[in-house]
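input30.cif (mmCIF, C-alpha atoms)
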```
data_upload
loop_
_atom_site.group_PDB
_atom_site.id
_atom_site.type_symbol
_atom_site.label_atom_id
_atom_site.label_comp_id
_atom_site.auth_asym_id
_atom_site.auth_seq_id
_atom_site.Cartn_x
_atom_site.Cartn_y
_atom_site.Cartn_z
ATOM 1 C CA MET A 1 -86.710 -0.351 11.532
ATOM 2 C CA THR A 2 -87.248 0.040 7.791
ATOM 3 C CA THR A 3 -85.168 -1.431 4.992
ATOM 4 C CA THR A 4 -85.625 -1.127 1.239
ATOM 5 C CA ASN A 5 -84.290 -3.810 -1.062
ATOM 6 C CA ASP A 6 -85.199 -2.189 -4.377
ATOM 7 C CA ARG A 7 -88.440 -3.994 -5.196
ATOM 8 C CA ILE A 8 -89.490 -4.897 -1.636
ATOM 9 C CA THR A 9 -89.663 -2.781 1.524
ATOM 10 C CA TYR A 10 -89.295 -4.403 4.938
ATOM 11 C CA GLU A 11 -90.295 -2.792 8.215
ATOM 12 C CA THR A 12 -91.043 -4.055 11.707
ATOM 13 C CA GLN A 13 -93.502 -2.534 14.187
ATOM 14 C CA GLU A 14 -93.408 -4.362 17.517
ATOM 15 C CA TYR A 15 -94.504 -7.932 16.642
ATOM 16 C CA ILE A 16 -95.581 -7.148 13.062
ATOM 17 C CA CYS A 17 -93.526 -7.396 9.884
ATOM 18 C CA LEU A 18 -94.618 -5.031 7.102
ATOM 19 C CA ILE A 19 -93.619 -6.217 3.628
ATOM 20 C CA GLY A 20 -94.318 -3.834 0.745
ATOM 21 C CA LEU A 21 -94.378 -4.545 -2.986
ATOM 22 C CA ASN A 22 -92.304 -1.656 -4.290
ATOM 23 C CA ARG A 23 -92.396 -1.534 -8.084
ATOM 24 C CA ALA A 24 -95.256 0.905 -8.468
ATOM 25 C CA ASP A 25 -94.035 2.254 -11.832
ATOM 26 C CA LYS A 26 -94.697 -1.230 -13.266
ATOM 27 C CA ARG A 27 -97.924 -1.731 -11.282
ATOM 28 C CA ASN A 28 -95.877 -3.983 -8.983
ATOM 29 C CA ALA A 29 -95.502 -6.677 -11.642
ATOM 30 C CA PHE A 30 -93.345 -9.551 -10.423
ATOM 31 C CA ASP A 31 -89.997 -9.927 -12.163
ATOM 32 C CA SER A 32 -87.318 -12.415 -11.076
ATOM 33 C CA HIS A 33 -85.711 -9.889 -8.711
ATOM 34 C CA MET A 34 -88.979 -9.043 -6.961
ATOM 35 C CA ILE A 35 -89.810 -12.733 -6.552
ATOM 36 C CA ALA A 36 -86.416 -13.426 -4.951
ATOM 37 C CA GLN A 37 -86.666 -10.400 -2.679
ATOM 38 C CA LEU A 38 -90.185 -11.287 -1.536
ATOM 39 C CA SER A 39 -88.988 -14.790 -0.681
ATOM 40 C CA ASP A 40 -86.067 -13.309 1.264
ATOM 41 C CA ALA A 41 -88.416 -10.992 3.198
ATOM 42 C CA LEU A 42 -90.833 -13.794 4.113
ATOM 43 C CA THR A 43 -87.956 -16.063 5.122
ATOM 44 C CA ARG A 44 -86.496 -13.312 7.291
ATOM 45 C CA TYR A 45 -89.904 -12.845 8.937
ATOM 46 C CA ASP A 46 -90.428 -16.553 9.511
ATOM 47 C CA ASN A 47 -86.989 -16.916 11.115
ATOM 48 C CA ASP A 48 -87.365 -13.940 13.487
ATOM 49 C CA ASP A 49 -88.686 -15.228 16.827
ATOM 50 C CA ASN A 50 -89.791 -11.726 17.849
ATOM 51 C CA LEU A 51 -92.244 -11.397 14.949
ATOM 52 C CA ARG A 52 -95.736 -12.878 15.162
ATOM 53 C CA CYS A 53 -97.563 -11.739 12.013
ATOM 54 C CA ALA A 54 -96.681 -10.342 8.591
ATOM 55 C CA LEU A 55 -98.671 -7.839 6.561
ATOM 56 C CA ILE A 56 -98.057 -7.792 2.808
ATOM 57 C CA PHE A 57 -99.218 -4.624 1.071
ATOM 58 C CA ALA A 58 -98.392 -2.673 -2.085
ATOM 59 C CA HIS A 59 -96.948 0.770 -2.663
ATOM 60 C CA GLY A 60 -98.823 2.785 -5.266
ATOM 61 C CA GLU A 61 -102.348 2.493 -6.614
ATOM 62 C CA HIS A 62 -102.281 -1.206 -7.510
ATOM 63 C CA PHE A 63 -101.452 -4.420 -5.687
ATOM 64 C CA THR A 64 -99.913 -6.154 -8.692
ATOM 65 C CA ALA A 65 -100.429 -6.587 -12.416
ATOM 66 C CA GLY A 66 -99.184 -10.159 -12.011
ATOM 67 C CA LEU A 67 -96.071 -11.569 -13.650
ATOM 68 C CA ASP A 68 -93.663 -9.530 -15.766
ATOM 69 C CA LEU A 69 -93.757 -12.072 -18.580
ATOM 70 C CA MET A 70 -91.214 -10.288 -20.772
ATOM 71 C CA GLU A 71 -88.557 -10.242 -18.028
ATOM 72 C CA LEU A 72 -89.347 -13.791 -16.925
ATOM 73 C CA GLN A 73 -89.575 -15.313 -20.397
ATOM 74 C CA ASP A 74 -86.008 -16.623 -20.474
ATOM 75 C CA LYS A 75 -85.963 -17.493 -16.754
ATOM 76 C CA TRP A 76 -88.725 -20.129 -16.524
ATOM 77 C CA ASP A 77 -86.153 -22.937 -16.507
ATOM 78 C CA LYS A 78 -83.454 -21.045 -14.586
ATOM 79 C CA GLY A 79 -84.800 -21.241 -11.045
ATOM 80 C CA ALA A 80 -86.959 -18.097 -10.873
ATOM 81 C CA PHE A 81 -89.671 -20.096 -9.107
ATOM 82 C CA GLU A 82 -87.509 -22.643 -7.307
ATOM 83 C CA PHE A 83 -86.890 -22.439 -3.556
ATOM 84 C CA ASP A 84 -84.807 -24.686 -1.327
ATOM 85 C CA ASP A 85 -85.705 -26.025 2.124
ATOM 86 C CA SER A 86 -84.406 -22.891 3.838
ATOM 87 C CA GLN A 87 -86.498 -20.444 1.758
ATOM 88 C CA ILE A 88 -90.164 -19.478 1.973
ATOM 89 C CA ASP A 89 -91.954 -19.748 -1.367
ATOM 90 C CA PRO A 90 -94.394 -16.789 -1.425
ATOM 91 C CA TRP A 91 -96.867 -19.010 -3.283
ATOM 92 C CA GLY A 92 -96.418 -22.061 -1.052
ATOM 93 C CA ILE A 93 -95.604 -24.519 -3.835
ATOM 94 C CA GLY A 94 -92.089 -25.535 -2.815
ATOM 95 C CA GLY A 95 -89.437 -24.489 -0.325
ATOM 96 C CA LYS A 96 -89.881 -24.269 3.430
ATOM 97 C CA LEU A 97 -93.438 -24.387 4.775
ATOM 98 C CA ARG A 98 -94.380 -21.057 6.353
ATOM 99 C CA SER A 99 -94.878 -21.363 10.126
ATOM 100 C CA LYS A 100 -96.443 -17.977 10.975
ATOM 101 C CA PRO A 101 -99.506 -16.070 9.721
ATOM 102 C CA VAL A 102 -99.658 -13.618 6.837
ATOM 103 C CA VAL A 103 -102.287 -10.912 6.299
ATOM 104 C CA VAL A 104 -102.619 -9.224 2.891
ATOM 105 C CA ALA A 105 -104.070 -5.793 2.008
ATOM 106 C CA ILE A 106 -105.097 -5.353 -1.629
ATOM 107 C CA GLN A 107 -106.126 -2.359 -3.710
ATOM 108 C CA GLY A 108 -106.603 -1.641 -7.393
ATOM 109 C CA THR A 109 -105.400 -4.268 -9.859
ATOM 110 C CA CYS A 110 -104.701 -7.770 -8.578
ATOM 111 C CA PHE A 111 -103.979 -10.177 -11.427
ATOM 112 C CA THR A 112 -102.692 -13.748 -11.747
ATOM 113 C CA ALA A 113 -99.764 -14.199 -9.325
ATOM 114 C CA GLY A 114 -101.316 -11.587 -7.026
ATOM 115 C CA ILE A 115 -104.462 -13.667 -6.631
ATOM 116 C CA GLU A 116 -102.326 -16.733 -5.975
ATOM 117 C CA LEU A 117 -100.251 -14.835 -3.421
ATOM 118 C CA MET A 118 -103.363 -13.843 -1.482
ATOM 119 C CA LEU A 119 -104.775 -17.381 -1.747
ATOM 120 C CA ASN A 120 -101.616 -18.613 -0.019
ATOM 121 C CA SER A 121 -102.089 -16.127 2.840
ATOM 122 C CA ASP A 122 -104.317 -16.433 5.893
ATOM 123 C CA VAL A 123 -106.359 -13.201 5.933
ATOM 124 C CA VAL A 124 -107.131 -10.966 2.934
ATOM 125 C CA VAL A 125 -108.556 -7.448 3.139
ATOM 126 C CA ALA A 126 -109.572 -6.050 -0.257
ATOM 127 C CA SER A 127 -110.462 -2.508 -1.239
ATOM 128 C CA ASP A 128 -113.839 -2.139 -2.932
ATOM 129 C CA ASN A 129 -112.023 -0.764 -5.999
ATOM 130 C CA CYS A 130 -110.166 -4.025 -6.655
ATOM 131 C CA ASN A 131 -110.278 -5.704 -10.028
ATOM 132 C CA PHE A 132 -109.124 -9.297 -10.410
ATOM 133 C CA ALA A 133 -108.314 -11.661 -13.277
ATOM 134 C CA GLN A 134 -106.690 -15.100 -13.415
ATOM 135 C CA MET A 135 -105.815 -14.599 -17.073
ATOM 136 C CA GLU A 136 -102.941 -17.026 -17.726
ATOM 137 C CA VAL A 137 -104.947 -18.958 -20.323
ATOM 138 C CA GLN A 138 -105.145 -15.709 -22.306
ATOM 139 C CA ARG A 139 -101.332 -15.575 -22.361
ATOM 140 C CA GLY A 140 -100.748 -19.100 -23.578
ATOM 141 C CA ILE A 141 -99.884 -20.573 -20.183
ATOM 142 C CA MET A 142 -101.739 -21.763 -17.054
ATOM 143 C CA PRO A 143 -101.798 -20.656 -13.403
ATOM 144 C CA PHE A 144 -98.849 -22.267 -11.614
ATOM 145 C CA GLY A 145 -98.852 -20.463 -8.261
ATOM 146 C CA GLY A 146 -101.617 -22.509 -6.687
ATOM 147 C CA ALA A 147 -104.852 -21.209 -8.262
ATOM 148 C CA THR A 148 -105.692 -24.553 -9.876
ATOM 149 C CA VAL A 149 -105.962 -25.927 -6.328
ATOM 150 C CA ARG A 150 -106.691 -23.064 -3.925
ATOM 151 C CA PHE A 151 -109.076 -21.047 -6.134
ATOM 152 C CA VAL A 152 -111.093 -24.226 -6.676
ATOM 153 C CA GLN A 153 -110.961 -25.156 -2.970
ATOM 154 C CA ALA A 154 -112.178 -21.691 -1.951
ATOM 155 C CA ALA A 155 -114.911 -21.137 -4.548
ATOM 156 C CA GLY A 156 -115.896 -24.673 -5.556
ATOM 157 C CA TRP A 157 -115.434 -26.233 -9.003
ATOM 158 C CA GLN A 158 -118.490 -24.769 -10.738
ATOM 159 C CA LYS A 159 -117.869 -21.253 -9.405
ATOM 160 C CA ALA A 160 -114.101 -21.239 -10.025
ATOM 161 C CA MET A 161 -113.840 -22.752 -13.486
ATOM 162 C CA PRO A 162 -115.639 -19.979 -15.420
ATOM 163 C CA TYR A 163 -112.920 -17.569 -14.243
ATOM 164 C CA LEU A 164 -109.975 -19.968 -14.543
ATOM 165 C CA LEU A 165 -110.898 -21.289 -17.998
ATOM 166 C CA THR A 166 -111.611 -17.881 -19.529
ATOM 167 C CA GLY A 167 -109.410 -15.467 -17.598
ATOM 168 C CA LYS A 168 -112.323 -13.033 -17.445
ATOM 169 C CA PRO A 169 -112.165 -10.187 -14.883
ATOM 170 C CA PHE A 170 -114.177 -9.910 -11.690
ATOM 171 C CA ASP A 171 -114.633 -7.283 -8.996
ATOM 172 C CA ALA A 172 -114.134 -7.173 -5.222
ATOM 173 C CA GLN A 173 -117.727 -8.151 -4.394
ATOM 174 C CA THR A 174 -117.434 -11.193 -6.643
ATOM 175 C CA ALA A 175 -114.132 -12.117 -4.978
ATOM 176 C CA GLU A 176 -115.878 -11.981 -1.615
ATOM 177 C CA ASN A 177 -118.772 -14.096 -2.916
ATOM 178 C CA LEU A 178 -116.240 -16.639 -4.221
ATOM 179 C CA ASN A 179 -114.583 -16.813 -0.765
ATOM 180 C CA LEU A 180 -111.277 -15.516 -2.156
ATOM 181 C CA VAL A 181 -111.020 -12.625 0.333
ATOM 182 C CA SER A 182 -111.842 -12.279 4.034
ATOM 183 C CA GLU A 183 -113.594 -8.921 3.739
ATOM 184 C CA VAL A 184 -114.080 -5.936 1.450
ATOM 185 C CA VAL A 185 -113.626 -2.407 2.789
ATOM 186 C CA THR A 186 -113.872 1.140 1.487
ATOM 187 C CA ASN A 187 -111.033 2.127 -0.831
ATOM 188 C CA GLY A 188 -108.187 3.667 1.145
ATOM 189 C CA THR A 189 -108.950 1.844 4.398
ATOM 190 C CA GLU A 190 -107.653 -1.609 3.441
ATOM 191 C CA TYR A 191 -104.169 -1.122 4.925
ATOM 192 C CA GLU A 192 -105.367 0.123 8.313
ATOM 193 C CA ARG A 193 -107.971 -2.633 8.528
ATOM 194 C CA ALA A 194 -105.373 -5.284 7.675
ATOM 195 C CA LEU A 195 -102.989 -3.785 10.232
ATOM 196 C CA THR A 196 -105.706 -3.955 12.904
ATOM 197 C CA LEU A 197 -106.274 -7.639 12.130
ATOM 198 C CA ALA A 198 -102.525 -8.298 12.295
ATOM 199 C CA GLN A 199 -102.388 -6.582 15.685
ATOM 200 C CA GLU A 200 -105.273 -8.728 16.927
ATOM 201 C CA ILE A 201 -103.439 -11.871 15.791
ATOM 202 C CA CYS A 202 -100.358 -10.713 17.684
ATOM 203 C CA GLN A 203 -102.373 -10.630 20.918
ATOM 204 C CA SER A 204 -102.908 -14.398 20.666
ATOM 205 C CA ALA A 205 -100.426 -16.938 22.019
ATOM 206 C CA PRO A 206 -97.692 -17.302 19.349
ATOM 207 C CA LEU A 207 -97.102 -21.017 19.921
ATOM 208 C CA GLY A 208 -100.825 -21.695 19.776
ATOM 209 C CA VAL A 209 -101.160 -19.677 16.564
ATOM 210 C CA GLN A 210 -98.274 -21.550 14.945
ATOM 211 C CA ALA A 211 -99.667 -24.955 15.965
ATOM 212 C CA LEU A 212 -103.137 -24.006 14.708
ATOM 213 C CA LEU A 213 -101.682 -22.843 11.389
ATOM 214 C CA SER A 214 -99.656 -26.030 11.028
ATOM 215 C CA SER A 215 -102.730 -28.191 11.627
ATOM 216 C CA ALA A 216 -104.785 -26.214 9.110
ATOM 217 C CA GLN A 217 -101.979 -26.515 6.538
ATOM 218 C CA ASP A 218 -101.858 -30.256 7.233
ATOM 219 C CA ALA A 219 -105.563 -30.525 6.399
ATOM 220 C CA SER A 220 -105.197 -28.432 3.246
ATOM 221 C CA ARG A 221 -102.240 -30.424 1.949
ATOM 222 C CA ASN A 222 -102.928 -33.941 3.216
ATOM 223 C CA GLY A 223 -106.684 -34.065 3.829
ATOM 224 C CA ALA A 224 -108.921 -33.957 6.874
ATOM 225 C CA ALA A 225 -108.296 -37.544 7.992
ATOM 226 C CA ALA A 226 -104.531 -37.072 8.129
ATOM 227 C CA ALA A 227 -104.846 -33.737 9.941
ATOM 228 C CA LEU A 228 -107.244 -35.146 12.538
ATOM 229 C CA ALA A 229 -104.984 -38.143 13.125
ATOM 230 C CA ASN A 230 -102.096 -35.759 13.814
ATOM 231 C CA ILE A 231 -103.904 -33.083 15.813
ATOM 232 C CA HIS A 232 -103.064 -34.393 19.299
ATOM 233 C CA SER A 233 -99.336 -34.289 18.548
ATOM 234 C CA PHE A 234 -99.454 -30.497 18.915
ATOM 235 C CA LEU A 235 -100.880 -30.556 22.432
ATOM 236 C CA PRO A 236 -98.073 -31.688 24.825
ATOM 237 C CA PRO A 237 -95.675 -28.804 24.080
ATOM 238 C CA LEU A 238 -98.542 -26.311 24.210
ATOM 239 C CA PHE A 239 -99.927 -27.510 27.556
ATOM 240 C CA HIS A 240 -96.429 -27.400 29.073
ATOM 241 C CA SER A 241 -95.611 -23.920 27.737
ATOM 242 C CA GLU A 242 -95.337 -20.771 29.831
ATOM 243 C CA ASP A 243 -97.986 -19.198 27.619
ATOM 244 C CA ALA A 244 -100.528 -21.882 28.571
ATOM 245 C CA LYS A 245 -99.937 -21.082 32.236
ATOM 246 C CA GLU A 246 -100.239 -17.370 31.498
ATOM 247 C CA GLY A 247 -103.477 -17.945 29.590
ATOM 248 C CA ALA A 248 -104.993 -19.833 32.524
ATOM 249 C CA MET A 249 -103.882 -17.209 35.048
ATOM 250 C CA ALA A 250 -105.231 -14.386 32.893
ATOM 251 C CA MET A 251 -108.595 -16.131 32.737
ATOM 252 C CA VAL A 252 -108.695 -16.612 36.531
ATOM 253 C CA GLU A 253 -107.551 -13.044 37.194
ATOM 254 C CA ARG A 254 -109.881 -11.629 34.525
ATOM 255 C CA ARG A 255 -107.197 -9.698 32.662
ATOM 256 C CA GLU A 256 -105.611 -9.643 29.223
ATOM 257 C CA ALA A 257 -102.935 -12.308 28.797
ATOM 258 C CA GLU A 258 -99.366 -11.231 28.056
ATOM 259 C CA PHE A 259 -97.914 -14.016 25.932
ATOM 260 C CA LYS A 260 -94.160 -14.417 25.438
ATOM 261 C CA GLY A 261 -94.050 -17.188 22.852
ATOM 262 C CA ARG A 262 -92.456 -19.741 25.132
#
```

Starting from the file, lay out its structure as structure tokens.
Amino acid sequence: MTTTNDRITYETQEYICLIGLNRADKRNAFDSHMIAQLSDALTRYDNDDNLRCALIFAHGEHFTAGLDLMELQDKWDKGAFEFDDSQIDPWGIGGKLRSKPVVVAIQGTCFTAGIELMLNSDVVVASDNCNFAQMEVQRGIMPFGGATVRFVQAAGWQKAMPYLLTGKPFDAQTAENLNLVSEVVTNGTEYERALTLAQEICQSAPLGVQALLSSAQDASRNGAAAALANIHSFLPPLFHSEDAKEGAMAMVERREAEFKGR
């Protein structure tokens, strides 16, 4: 099933949701419509019990040029980046907390909001032709999609600040060295590699994956002590699930487990 909602494409393949940035003529720059449609797509994915992993990719040669500042200029204070408790914020600042994993495939240009989008995902596969820049300070503003926190968490203060404070560009190898991406692959293979990783995630027990993700998010948002204090709360429903029984039987019978998500 494939649907196109102007600036975002949405397709499902078995357990995987494929979400495409679809404004290639503008290098997939985010305007208010694209932001709303991406939120709708991620919310639809998160609410679909049959789907286990999402893959965000871009149509065209570039992932995204970042924000369409001209279109967004008069919308800053009109809700363009506000999400209620039923909506997934693609950048994970507000709205409903995402409960299932997201893989991202990146090629070409990936600026500002694109970096922040990938930093809010779980696995990032980057083409070796990628070029990055967190250049908000060169446009009179600051990063507000999470880079001030997640870029620094990933790279460390002394490694992150030269790029955040200047907006200077960096390449795919630098992004890997800064721990901003999971792996770098040959240009043109990033989508297939990301799809393979999404398929591998889908082979894991869905309830276990969701609990693991929730615990990791707890640590990221509230600190290690809070996450460790809460970690045992995830266990009772998991141990009593059908998937836990299937996992044990598969181990005994030396076969691949067939998880149902219940």

*Could you please determine the separation between atom CA of Ala244 of chain A and atom CA of Gln199 of chain A in Å, to one decimal place?*
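Going from atom CA of Ala244 of chain A over to atom CA of Gln199 of chain A covers 20.1 Å.
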
*Could you give me, as a VMD selection string, the residues within 12 Å of Glu200 of chain A, counting all atoms listed in the file and dropping anything in the same chain fewer than 2 positions from it?*
chain A and resid 15 to 16 52 to 53 101 103 123 193 to 198 202 to 206 209

*Quick one: distance from atom CA of Gly108 of chain A to atom CA of Asp89 of chain A in Å, one decimal?*
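It comes out at 24.1 Å.
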
As lines of an AutoDock Vina configuration file, what would the box around segment 160-174 of chain A look like: edges along x, y and z, 8 Å added on every side, centre and edge lengths in Å to one decimal?
```
center_x = -113.6
center_y = -15.0
center_z = -12.0
size_x = 24.3
size_y = 31.6
size_z = 31.1
```

*For each of A:Ile35, A:Met161, A:Leu207, A:Ala147, take the minimum atom-to-atom distance to Pro236 of chain A, counting all atoms listed in the file, then give the residue where this is smallest.*
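Answer, going by the shortest atom-to-atom distance: A:Leu207.
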
*Which one of A:Ala36, A:Val181, A:Met251, A:Ala58 sits closest to Thr9 of chain A if you count all atoms listed in the file?*
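Smallest separation from Thr9 of chain A among the options: A:Ala58.
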
*Give me the residues within 10 Å of Arg150 of chain A as an NGL selection string, counting all atoms listed in the file and dropping any in the same chain fewer than 4 places off.*
:A and (116 or 119-120 or 145-146 or 154-156 or 160 or 180 or 220)

*Applied to this file, what does the PyMOL selection byres ((chain A and resi 31) around 12) return in terms of residues, put as number ranges by chain?*
A: 6-8, 21-23, 26-30, 32-38, 64-76, 80-81, 113

*asked:* When you look at Ile106 of chain A with a cut-off of 12 Å (counting all atoms listed in the file), what residues show up, excluding the ones that are within fewer than 3 positions of it in the same chain? I need them as a PyMOL selection string.
replied: chain A and resi 20-21+28+55-65+103+109-111+114-115+117-118+123-132+172+175+180-194

_Using all atoms listed in the file and a cutoff of 9 Å, can you tell me which residues are near (-106.0, -16.0, 28.8) in the file's coordinates, and write them out as a list in words?_
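Taken together, the residues in range are Ser204, Ala205, Asp243, Ala244, Lys245, Glu246, Gly247, Ala248, Met249, Ala250, Met251, Val252, Arg254, Arg255, Glu256, Ala257, Glu258 and Phe259 of chain A.
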
*Looking at A:Phe239, A:Tyr10, A:Trp157, A:Phe151, which one is nearest to Thr112 of chain A, with distances taken over all atoms listed in the file?*
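Among the listed residues, the smallest separation from Thr112 of chain A belongs to A:Phe151.
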
*By how many Å are atom CA of Trp91 of chain A and atom CA of Val104 of chain A apart?*
12.9 Å

*asked:* For the provided coordinates, the residues matched by the PyMOL selection byres ((chain A and resi 168) around 9) should be stated as number ranges by chain.
replied: A: 132-135, 162-167, 169-170

*asked:* Running the PyMOL selection byres ((chain A and resi 51) around 10) on this model by hand, what would come out? Give it as number ranges by chain.
replied: A: 12-17, 44-50, 52-54, 100, 202, 206, 261

*Please provide the set of residues having any atom within 10 Å of Ser86 of chain A, restricted to all atoms listed in the file, with same-chain residues fewer than 4 positions apart removed, written as a ChimeraX atom specification.*
/A:43,47,95-97

*Excluding segment 225-233 of chain A and any residue of its chain fewer than 4 positions from it, enumerate the residues within 12 Å of it, using all atoms listed in the file, and give them as a ChimeraX atom specification.*
/A:211-221,237-239

Using C-alpha atoms, can you write the selected residues to a file as a PDB file, in the coordinates of the input?
```
ATOM      1  CA  ALA A 211     -99.667 -24.955  15.965  1.00  0.00           C
ATOM      2  CA  LEU A 212    -103.137 -24.006  14.708  1.00  0.00           C
ATOM      3  CA  LEU A 213    -101.682 -22.843  11.389  1.00  0.00           C
ATOM      4  CA  SER A 214     -99.656 -26.030  11.028  1.00  0.00           C
ATOM      5  CA  SER A 215    -102.730 -28.191  11.627  1.00  0.00           C
ATOM      6  CA  ALA A 216    -104.785 -26.214   9.110  1.00  0.00           C
ATOM      7  CA  GLN A 217    -101.979 -26.515   6.538  1.00  0.00           C
ATOM      8  CA  ASP A 218    -101.858 -30.256   7.233  1.00  0.00           C
ATOM      9  CA  ALA A 219    -105.563 -30.525   6.399  1.00  0.00           C
ATOM     10  CA  SER A 220    -105.197 -28.432   3.246  1.00  0.00           C
ATOM     11  CA  ARG A 221    -102.240 -30.424   1.949  1.00  0.00           C
ATOM     12  CA  PRO A 237     -95.675 -28.804  24.080  1.00  0.00           C
ATOM     13  CA  LEU A 238     -98.542 -26.311  24.210  1.00  0.00           C
ATOM     14  CA  PHE A 239     -99.927 -27.510  27.556  1.00  0.00           C
TER      15      PHE A 239
END
```

*So, counting all atoms listed in the file, which residue among A:Ala41, A:Val149, A:Leu18, A:Leu178 is closest to Ile93 of chain A?*
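Result for the nearest residue to Ile93 of chain A: A:Val149.
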
_Among listed residues A:Ile88, A:Gly208, A:Asp25, A:Phe83, nearest Leu42 of chain A (using only C-alpha atoms)_ = A:Ile88
